[in-house]
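Data first, discussion second: the structure below is written as structure tokens.
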There are 2 protein chains.
Amino acid sequence: MHGLLNMASEFDLISRYFSPPAPNGFVGVGDDCAVLPLTPDKQWVTSTDLLIQDQHFAAGADPWKLGHKALAVNVSDLAAMGATPQACLLGLALPSIDEAWVQAFRDGFLHYAHTTGCALIGGDTTRSAAGIHISVTVLGLVNAGRALRRSAAQLSDDVWLTGQLGAAHLAWQLSTGRWAAHRASLSAHWADIQAALHTPLPPWQLAPALAQWAHAAIDISDGLAQDLGHILTNSACGASVYVDALPAHPALAGLPVEIKHEALLSGGEVYQLCFTAPPAHRARINALGEQYQTRITRVGEITAADGLRILDGSGQPVHVPRGGFDHFAEPQP
Amino acid sequence: MHGLLNMASEFDLISRYFSPPAPNGFVGVGDDCAVLPLTPDKQWVTSTDLLIQDQHFAAGADPWKLGHKALAVNVSDLAAMGATPQACLLGLALPSIDEAWVQAFRDGFLHYAHTTGCALIGGDTTRSAAGIHISVTVLGLVNAGRALRRSAAQLSDDVWLTGQLGAAHLAWQLSTGRWAAHRASLSAHWADIQAALHTPLPPWQLAPALAQWAHAAIDISDGLAQDLGHILTNSACGASVYVDALPAHPALAGLPVEIKHEALLSGGEVYQLCFTAPPAHRARINALGEQYQTRITRVGEITAADGLRILDGSGQPVHVPRGGFDHFAEPQP
């Protein structure tokens, strides 16, 4: 459910129109995934995501990377629930059948499916004169009652992030021509920031282990401020986050503070997790980071006071530059 | 998986590119739905279908009916597996948020979801400048090992149909201006044939009961000849079907035989079932038709000889006018 409940316009649309109560045993609209009963021990977790040409990717996008990303953004939703990937369905609407394109897309998709153990079990293909539309539904497993929920943050929890922030936003903004003056100075990081945008690697191996110790989680596909905001709203609490503690991608190092703050706080397309966990589990969580060779950083704490406070090194509030990605905004390049 | 494996072009595309072996306990690409393990007694069945503007419906299509149909074509896939609808996920890409449109679409979708017990549990919304794209994934339940498979037809099985044939094809062809000379004479049937095309009612209540007695099943969304052909190919057998036995919609009564045969044999968008069952179960199957107030008609039998033979009243072969719906063909009006 990446893209669902993420922005005012979408939130209004969905919450006003598509939120009937979920039946017994189901968790319905409003989290990264829905949860379905399986056995007394296990639950299915499922989510669906759309990728639309000219909105989420350009017509000329590399098909191998697009195949990878189409599945990865869905696996990220499973990770945000602490679920282990199991199976996926692919809907693919194409203007025509370009065999080389389809083969490369397939290779990228199935390579990532194989890596994550997420078997392609079904799908639908059709013609779409207006461009490429991709729809992926994923199914994963969680231990019953252990799915990480947006609504489960508790007072005094630590706030943690996996991975690094800002690289995908930098790649995206540079592709629009924005921040062109800084382009040359980023040449050493070019491949790295492109990879962050086009071939994201969500922490799917770590996530089920985290589910044992964490309370709430979400992926940062729409930017830290916005997505952590969903945890706070759904958990009826606030948070303090320390901007100097945020795991900034090295490419941000030499850039002006305005760019840094925008990329760190509002930059979307980060298929990493923001999660909360009790301070008593700090050592366990750090150990999991080492075990799964995933960077995990403690960046703040859950507070009783409403809202998200971003604080600089002297305790002063940092302005959040602008909202994250709006799926009903103008297309990305 | 309506639309998957249905036409040469699609079949080639999918079978060549997207058919890795399914893991243990899963039935993978190649049937109406995929099957996932649940308990020793029950299995999940899942399927995904795309509906694309200008390909499957016109930009000005009635949004209530479109909401109904988007879910109904997926429920039809569940029925073709003998599964009971449980839950669905909706992906909705729109050029803009037209509240009246969204509300009507929602009402049509949720009305049918409520009717069939298929709870909306998740989804994704996004902007799509190029037009409306709808993606629905459904989940249903079957008794373990009882899912109706395309590959399960057996020699001497009867071939049965639910519902009536030809009305949706008539509505579609008339909307293109074809057969205009017959338009006036169809005025008495107009509402009925439009309903067949735009608000199909698959036999979802009957299907799980059928699963106890039938062998193979498929929905006729791509036309009887083509879809029964999939059963024959997958079951490595042939069939004889008697054209005079086919349950023709009354609107076909006064029309030329060429139109009748095309509508009966090649007309798609029929969200009804073609299934096979042993002759020993005839009385039980007819009783199920009465119990569920669903028309069920025996139209032929499974044979050892390969291929589908359509026979007229004097036992002469009937030519199948042309193939069914090709999802990579030019858009429907």
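Each chain in the structure tokens gets a letter, A, B and so on, in the order shown; residues start at 1 in every chain, and ligands are counted from 1 in the order they appear.
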Rotated and translated chain A onto chain B by C-alpha atoms, as a compact mmCIF listing (two decimals) with C-alpha atoms, in the first residue's frame:
```txt
# COMPACT_ATOMS: atom_id res chain seq x y z
CA MET A 1 -5.23 -14.64 -14.78
CA HIS A 2 -7.92 -13.71 -17.23
CA GLY A 3 -5.98 -12.54 -20.24
CA LEU A 4 -3.00 -14.70 -19.42
CA LEU A 5 -2.28 -17.62 -21.75
CA ASN A 6 -5.35 -16.71 -23.74
CA MET A 7 -4.07 -15.81 -27.17
CA ALA A 8 -1.15 -16.78 -29.29
CA SER A 9 0.61 -13.46 -28.80
CA GLU A 10 0.03 -13.39 -25.06
CA PHE A 11 0.65 -17.08 -24.69
CA ASP A 12 3.99 -16.76 -26.39
CA LEU A 13 4.89 -13.72 -24.33
CA ILE A 14 4.04 -15.27 -21.02
CA SER A 15 5.05 -18.84 -21.58
CA ARG A 16 8.36 -17.76 -23.04
CA TYR A 17 9.17 -15.15 -20.45
CA PHE A 18 7.24 -15.53 -17.24
CA SER A 19 6.89 -19.21 -16.40
CA PRO A 20 9.49 -20.24 -13.88
CA PRO A 21 8.46 -23.40 -12.00
CA ALA A 22 6.13 -22.78 -9.05
CA PRO A 23 7.53 -23.68 -5.63
CA ASN A 24 6.18 -26.56 -3.52
CA GLY A 25 2.55 -26.16 -2.54
CA PHE A 26 1.86 -23.48 -5.14
CA VAL A 27 0.12 -23.77 -8.48
CA GLY A 28 1.77 -21.22 -10.71
CA VAL A 29 1.23 -19.31 -13.94
CA GLY A 30 -1.14 -21.03 -16.35
CA ASP A 31 -4.56 -21.39 -14.74
CA ASP A 32 -7.32 -18.91 -13.92
CA CYS A 33 -5.80 -18.46 -10.47
CA ALA A 34 -2.72 -19.47 -8.50
CA VAL A 35 -3.16 -21.69 -5.43
CA LEU A 36 -1.35 -21.10 -2.13
CA PRO A 37 -1.19 -23.32 0.93
CA LEU A 38 -3.30 -22.40 3.97
CA THR A 39 -4.21 -25.31 6.26
CA PRO A 40 -4.46 -29.07 5.65
CA ASP A 41 -8.12 -28.43 4.75
CA LYS A 42 -8.08 -25.14 2.88
CA GLN A 43 -6.07 -23.36 0.20
CA TRP A 44 -5.94 -19.75 -0.87
CA VAL A 45 -6.58 -19.03 -4.52
CA THR A 46 -5.43 -15.74 -6.00
CA SER A 47 -5.62 -13.94 -9.33
CA THR A 48 -4.96 -10.48 -10.73
CA ASP A 49 -6.62 -8.69 -13.67
CA LEU A 50 -5.97 -5.38 -15.41
CA LEU A 51 -8.64 -3.13 -16.95
CA ILE A 52 -7.16 -0.41 -19.15
CA GLN A 53 -8.95 2.62 -20.56
CA ASP A 54 -9.40 2.53 -24.36
CA GLN A 55 -8.50 -1.15 -24.30
CA HIS A 56 -11.14 -2.69 -22.02
CA PHE A 57 -13.47 0.27 -21.59
CA ALA A 58 -14.06 3.75 -23.01
CA ALA A 59 -13.02 6.94 -21.19
CA GLY A 60 -16.68 7.85 -20.70
CA ALA A 61 -17.70 4.45 -19.29
CA ASP A 62 -20.22 4.56 -16.44
CA PRO A 63 -18.02 4.53 -13.30
CA TRP A 64 -20.50 2.54 -11.15
CA LYS A 65 -20.62 -0.22 -13.76
CA LEU A 66 -16.85 -0.05 -14.21
CA GLY A 67 -16.35 -0.54 -10.47
CA HIS A 68 -18.70 -3.52 -10.58
CA LYS A 69 -17.02 -5.04 -13.62
CA ALA A 70 -13.45 -4.52 -12.31
CA LEU A 71 -14.25 -6.79 -9.39
CA ALA A 72 -16.64 -9.13 -11.25
CA VAL A 73 -14.06 -10.19 -13.85
CA ASN A 74 -11.77 -11.18 -10.97
CA VAL A 75 -14.51 -12.96 -9.03
CA SER A 76 -15.12 -14.87 -12.27
CA ASP A 77 -11.53 -16.17 -12.09
CA LEU A 78 -12.17 -17.36 -8.53
CA ALA A 79 -15.39 -19.05 -9.67
CA ALA A 80 -13.46 -20.81 -12.43
CA MET A 81 -11.33 -22.40 -9.68
CA GLY A 82 -14.37 -23.28 -7.56
CA ALA A 83 -13.21 -20.80 -4.90
CA THR A 84 -15.28 -18.67 -2.52
CA PRO A 85 -14.40 -14.93 -2.68
CA GLN A 86 -12.71 -13.63 0.49
CA ALA A 87 -10.73 -10.44 -0.09
CA CYS A 88 -9.46 -8.08 -2.77
CA LEU A 89 -6.86 -5.36 -3.36
CA LEU A 90 -7.49 -2.46 -5.72
CA GLY A 91 -4.91 -0.50 -7.71
CA LEU A 92 -6.41 2.64 -9.24
CA ALA A 93 -4.49 5.03 -11.51
CA LEU A 94 -6.45 8.15 -12.46
CA PRO A 95 -5.62 11.24 -14.55
CA SER A 96 -7.11 13.39 -11.78
CA ILE A 97 -9.44 13.08 -8.82
CA ASP A 98 -13.01 13.60 -10.03
CA GLU A 99 -14.90 13.06 -6.78
CA ALA A 100 -18.20 12.13 -8.38
CA TRP A 101 -16.44 9.60 -10.59
CA VAL A 102 -14.47 8.09 -7.69
CA GLN A 103 -17.58 7.89 -5.52
CA ALA A 104 -19.60 6.13 -8.22
CA PHE A 105 -16.72 3.75 -8.99
CA ARG A 106 -16.37 3.02 -5.28
CA ASP A 107 -20.10 2.39 -4.93
CA GLY A 108 -20.15 -0.06 -7.82
CA PHE A 109 -17.01 -1.83 -6.59
CA LEU A 110 -18.04 -2.06 -2.94
CA HIS A 111 -21.62 -3.04 -3.74
CA TYR A 112 -20.34 -6.06 -5.61
CA ALA A 113 -17.68 -6.69 -2.93
CA HIS A 114 -20.45 -6.75 -0.32
CA THR A 115 -22.67 -8.99 -2.47
CA THR A 116 -19.92 -11.56 -2.95
CA GLY A 117 -18.31 -11.27 0.51
CA CYS A 118 -15.04 -10.16 -1.08
CA ALA A 119 -13.69 -7.57 1.39
CA LEU A 120 -11.51 -4.72 0.11
CA ILE A 121 -8.41 -5.03 2.30
CA GLY A 122 -5.83 -2.87 0.54
CA GLY A 123 -4.76 -1.02 -2.52
CA ASP A 124 -2.76 1.71 -4.15
CA THR A 125 -3.78 4.92 -5.87
CA THR A 126 -1.70 7.05 -8.19
CA ARG A 127 -1.92 9.57 -10.98
CA SER A 128 -1.83 8.36 -14.57
CA ALA A 129 -1.87 11.17 -17.10
CA ALA A 130 -2.62 8.74 -19.92
CA GLY A 131 -5.93 7.44 -18.61
CA ILE A 132 -7.64 5.20 -16.10
CA HIS A 133 -5.88 1.94 -15.27
CA ILE A 134 -7.48 -0.48 -12.84
CA SER A 135 -5.74 -3.47 -11.30
CA VAL A 136 -7.60 -5.86 -9.00
CA THR A 137 -6.17 -8.83 -7.10
CA VAL A 138 -8.62 -11.27 -5.51
CA LEU A 139 -8.16 -13.95 -2.88
CA GLY A 140 -10.56 -16.84 -2.41
CA LEU A 141 -10.73 -20.13 -0.51
CA VAL A 142 -11.06 -23.69 -1.79
CA ASN A 143 -11.09 -27.00 0.00
CA ALA A 144 -7.55 -28.37 -0.24
CA GLY A 145 -6.97 -30.24 -3.48
CA ARG A 146 -10.44 -29.34 -4.83
CA ALA A 147 -9.58 -26.31 -6.98
CA LEU A 148 -10.96 -26.74 -10.49
CA ARG A 149 -8.02 -26.92 -12.88
CA ARG A 150 -7.83 -26.43 -16.63
CA SER A 151 -5.82 -29.62 -16.81
CA ALA A 152 -8.31 -31.93 -15.07
CA ALA A 153 -10.79 -32.85 -17.85
CA GLN A 154 -11.17 -36.61 -18.33
CA LEU A 155 -12.24 -38.79 -21.22
CA SER A 156 -16.07 -39.05 -21.54
CA ASP A 157 -16.69 -36.09 -19.21
CA ASP A 158 -19.72 -34.03 -20.12
CA VAL A 159 -19.03 -30.43 -21.16
CA TRP A 160 -21.31 -27.92 -19.40
CA LEU A 161 -21.92 -24.17 -19.53
CA THR A 162 -23.43 -21.81 -16.98
CA GLY A 163 -25.55 -18.86 -18.10
CA GLN A 164 -26.15 -17.83 -21.69
CA LEU A 165 -23.86 -17.01 -24.60
CA GLY A 166 -23.61 -14.19 -27.12
CA ALA A 167 -25.21 -11.14 -25.48
CA ALA A 168 -21.99 -9.34 -24.46
CA HIS A 169 -20.46 -9.89 -27.90
CA LEU A 170 -23.60 -8.50 -29.53
CA ALA A 171 -23.45 -5.37 -27.33
CA TRP A 172 -19.79 -4.89 -28.09
CA GLN A 173 -20.07 -5.35 -31.85
CA LEU A 174 -23.10 -3.05 -32.03
CA SER A 175 -21.14 -0.37 -30.16
CA THR A 176 -18.53 -0.47 -32.94
CA GLY A 177 -21.22 0.07 -35.58
CA ARG A 178 -20.95 -3.50 -36.87
CA TRP A 179 -24.27 -5.30 -37.54
CA ALA A 180 -26.02 -1.89 -37.52
CA ALA A 181 -28.77 -3.27 -39.77
CA HIS A 182 -29.91 -5.46 -36.87
CA ARG A 183 -29.87 -2.75 -34.24
CA ALA A 184 -33.53 -1.77 -34.48
CA SER A 185 -34.74 -5.37 -34.24
CA LEU A 186 -32.79 -5.79 -30.98
CA SER A 187 -34.44 -2.89 -29.14
CA ALA A 188 -36.41 -5.23 -26.88
CA HIS A 189 -33.14 -6.84 -25.70
CA TRP A 190 -31.06 -3.67 -25.52
CA ALA A 191 -30.87 -3.28 -21.74
CA ASP A 192 -30.23 -6.98 -21.33
CA ILE A 193 -27.31 -7.22 -23.73
CA GLN A 194 -25.75 -4.01 -22.34
CA ALA A 195 -25.95 -5.49 -18.85
CA ALA A 196 -24.24 -8.67 -20.08
CA LEU A 197 -21.28 -6.58 -21.28
CA HIS A 198 -21.03 -3.94 -18.55
CA THR A 199 -22.33 -5.58 -15.36
CA PRO A 200 -21.51 -9.29 -15.67
CA LEU A 201 -22.67 -11.61 -12.88
CA PRO A 202 -20.37 -14.64 -12.64
CA PRO A 203 -21.84 -17.70 -10.87
CA TRP A 204 -19.69 -17.30 -7.73
CA GLN A 205 -22.27 -18.91 -5.41
CA LEU A 206 -22.64 -22.03 -7.51
CA ALA A 207 -18.92 -22.51 -8.25
CA PRO A 208 -17.72 -23.84 -4.85
CA ALA A 209 -20.54 -26.41 -4.87
CA LEU A 210 -19.61 -27.42 -8.42
CA ALA A 211 -16.03 -27.97 -7.29
CA GLN A 212 -17.22 -31.08 -5.49
CA TRP A 213 -18.43 -32.77 -8.67
CA ALA A 214 -16.70 -31.16 -11.65
CA HIS A 215 -13.23 -31.93 -13.03
CA ALA A 216 -12.02 -28.95 -15.09
CA ALA A 217 -13.35 -25.40 -15.39
CA ILE A 218 -12.52 -22.07 -17.03
CA ASP A 219 -14.41 -18.83 -17.53
CA ILE A 220 -15.43 -17.86 -21.06
CA SER A 221 -14.01 -14.35 -21.00
CA ASP A 222 -12.21 -14.93 -24.30
CA GLY A 223 -14.96 -16.91 -26.02
CA LEU A 224 -16.10 -20.54 -25.77
CA ALA A 225 -13.94 -21.98 -28.56
CA GLN A 226 -10.76 -20.37 -27.26
CA ASP A 227 -11.32 -20.99 -23.56
CA LEU A 228 -12.58 -24.57 -23.92
CA GLY A 229 -9.52 -24.97 -26.15
CA HIS A 230 -7.33 -24.18 -23.12
CA ILE A 231 -8.99 -26.99 -21.15
CA LEU A 232 -8.40 -29.39 -24.04
CA THR A 233 -4.75 -28.39 -24.47
CA ASN A 234 -4.03 -28.53 -20.76
CA SER A 235 -5.91 -31.83 -20.32
CA ALA A 236 -4.46 -33.41 -23.49
CA CYS A 237 -7.85 -34.35 -24.93
CA GLY A 238 -10.48 -33.18 -27.40
CA ALA A 239 -14.19 -32.34 -27.27
CA SER A 240 -17.35 -32.45 -29.34
CA VAL A 241 -19.76 -29.58 -28.75
CA TYR A 242 -23.24 -29.37 -30.31
CA VAL A 243 -24.02 -25.88 -31.55
CA ASP A 244 -27.77 -26.43 -31.25
CA ALA A 245 -27.35 -27.30 -27.58
CA LEU A 246 -25.55 -24.03 -26.74
CA PRO A 247 -27.55 -21.73 -24.42
CA ALA A 248 -27.97 -18.81 -26.85
CA HIS A 249 -29.19 -15.52 -25.45
CA PRO A 250 -32.73 -14.81 -26.78
CA ALA A 251 -31.42 -11.67 -28.52
CA LEU A 252 -29.66 -13.95 -31.02
CA ALA A 253 -32.94 -15.64 -32.06
CA GLY A 254 -33.75 -13.70 -35.21
CA LEU A 255 -30.20 -13.05 -36.42
CA PRO A 256 -28.36 -14.64 -39.39
CA VAL A 257 -26.54 -17.87 -38.63
CA GLU A 258 -23.09 -16.29 -39.22
CA ILE A 259 -23.74 -13.74 -36.48
CA LYS A 260 -25.16 -16.41 -34.19
CA HIS A 261 -22.15 -18.68 -34.62
CA GLU A 262 -19.66 -15.86 -34.13
CA ALA A 263 -21.42 -14.67 -30.96
CA LEU A 264 -21.84 -18.18 -29.55
CA LEU A 265 -18.43 -19.61 -30.34
CA SER A 266 -16.06 -16.63 -30.44
CA GLY A 267 -17.83 -13.96 -28.43
CA GLY A 268 -15.82 -13.03 -25.34
CA GLU A 269 -16.64 -11.10 -22.17
CA VAL A 270 -18.80 -14.01 -20.96
CA TYR A 271 -18.12 -14.21 -17.24
CA GLN A 272 -19.71 -17.63 -16.98
CA LEU A 273 -18.14 -21.06 -16.64
CA CYS A 274 -17.37 -23.86 -19.02
CA PHE A 275 -16.75 -27.01 -16.97
CA THR A 276 -16.44 -30.76 -17.39
CA ALA A 277 -17.83 -33.47 -15.11
CA PRO A 278 -18.41 -37.24 -15.23
CA PRO A 279 -21.78 -38.33 -16.74
CA ALA A 280 -22.52 -40.07 -13.41
CA HIS A 281 -22.96 -36.64 -11.80
CA ARG A 282 -25.51 -35.23 -14.28
CA ALA A 283 -28.40 -35.33 -11.83
CA ARG A 284 -26.35 -33.72 -9.05
CA ILE A 285 -25.18 -30.94 -11.35
CA ASN A 286 -28.69 -30.22 -12.60
CA ALA A 287 -29.84 -30.12 -8.98
CA LEU A 288 -27.13 -27.58 -8.15
CA GLY A 289 -28.35 -25.40 -11.01
CA GLU A 290 -31.82 -25.44 -9.48
CA GLN A 291 -30.52 -24.90 -5.95
CA TYR A 292 -28.49 -21.83 -6.98
CA GLN A 293 -31.04 -20.69 -9.59
CA THR A 294 -28.33 -20.71 -12.21
CA ARG A 295 -28.89 -21.95 -15.73
CA ILE A 296 -26.65 -24.95 -16.43
CA THR A 297 -26.60 -26.60 -19.85
CA ARG A 298 -24.90 -29.76 -21.06
CA VAL A 299 -23.43 -28.98 -24.50
CA GLY A 300 -21.01 -31.79 -25.42
CA GLU A 301 -18.44 -34.28 -24.25
CA ILE A 302 -14.70 -34.80 -23.86
CA THR A 303 -13.17 -37.08 -26.49
CA ALA A 304 -9.88 -38.84 -26.98
CA ALA A 305 -9.35 -37.23 -30.39
CA ASP A 306 -7.44 -33.95 -30.17
CA GLY A 307 -9.04 -30.60 -30.79
CA LEU A 308 -12.48 -29.05 -30.52
CA ARG A 309 -15.20 -30.18 -32.91
CA ILE A 310 -18.31 -28.01 -33.13
CA LEU A 311 -21.15 -29.96 -34.77
CA ASP A 312 -24.48 -28.84 -36.18
CA GLY A 313 -27.81 -30.70 -35.95
CA SER A 314 -26.84 -33.05 -38.80
CA GLY A 315 -23.44 -33.84 -37.33
CA GLN A 316 -21.58 -31.59 -39.74
CA PRO A 317 -18.64 -29.50 -38.45
CA VAL A 318 -19.32 -25.81 -37.84
CA HIS A 319 -16.57 -23.35 -38.69
CA VAL A 320 -15.45 -21.20 -35.73
CA PRO A 321 -15.64 -17.67 -37.19
CA ARG A 322 -12.51 -16.14 -35.65
CA GLY A 323 -10.45 -16.15 -32.48
CA GLY A 324 -11.65 -14.61 -29.24
CA PHE A 325 -10.45 -11.46 -27.58
CA ASP A 326 -6.75 -10.67 -27.98
CA HIS A 327 -5.52 -8.36 -25.24
CA PHE A 328 -2.77 -7.13 -27.53
CA ALA A 329 -5.20 -6.42 -30.40
CA GLU A 330 -6.45 -2.96 -31.19
CA PRO A 331 -8.55 -1.30 -28.49
CA GLN A 332 -12.23 -2.01 -28.12
CA PRO A 333 -14.46 1.05 -28.52
```
Practice item. Just the strand (DSSP E or B) stuff from range 55-242 of chain A, please, per backbone DSSP, written as an MDAnalysis selection string. Key: chainID A and resid 57 84:94 119:127 133:143 158:162 165 217:220 238:242
Exercise for review: Check the DSSP output for the backbone and give back, as a VMD selection string, the residues of range 104-156 of chain A in alpha helix (DSSP H).
Suggested key: chain A and resid 104 to 116
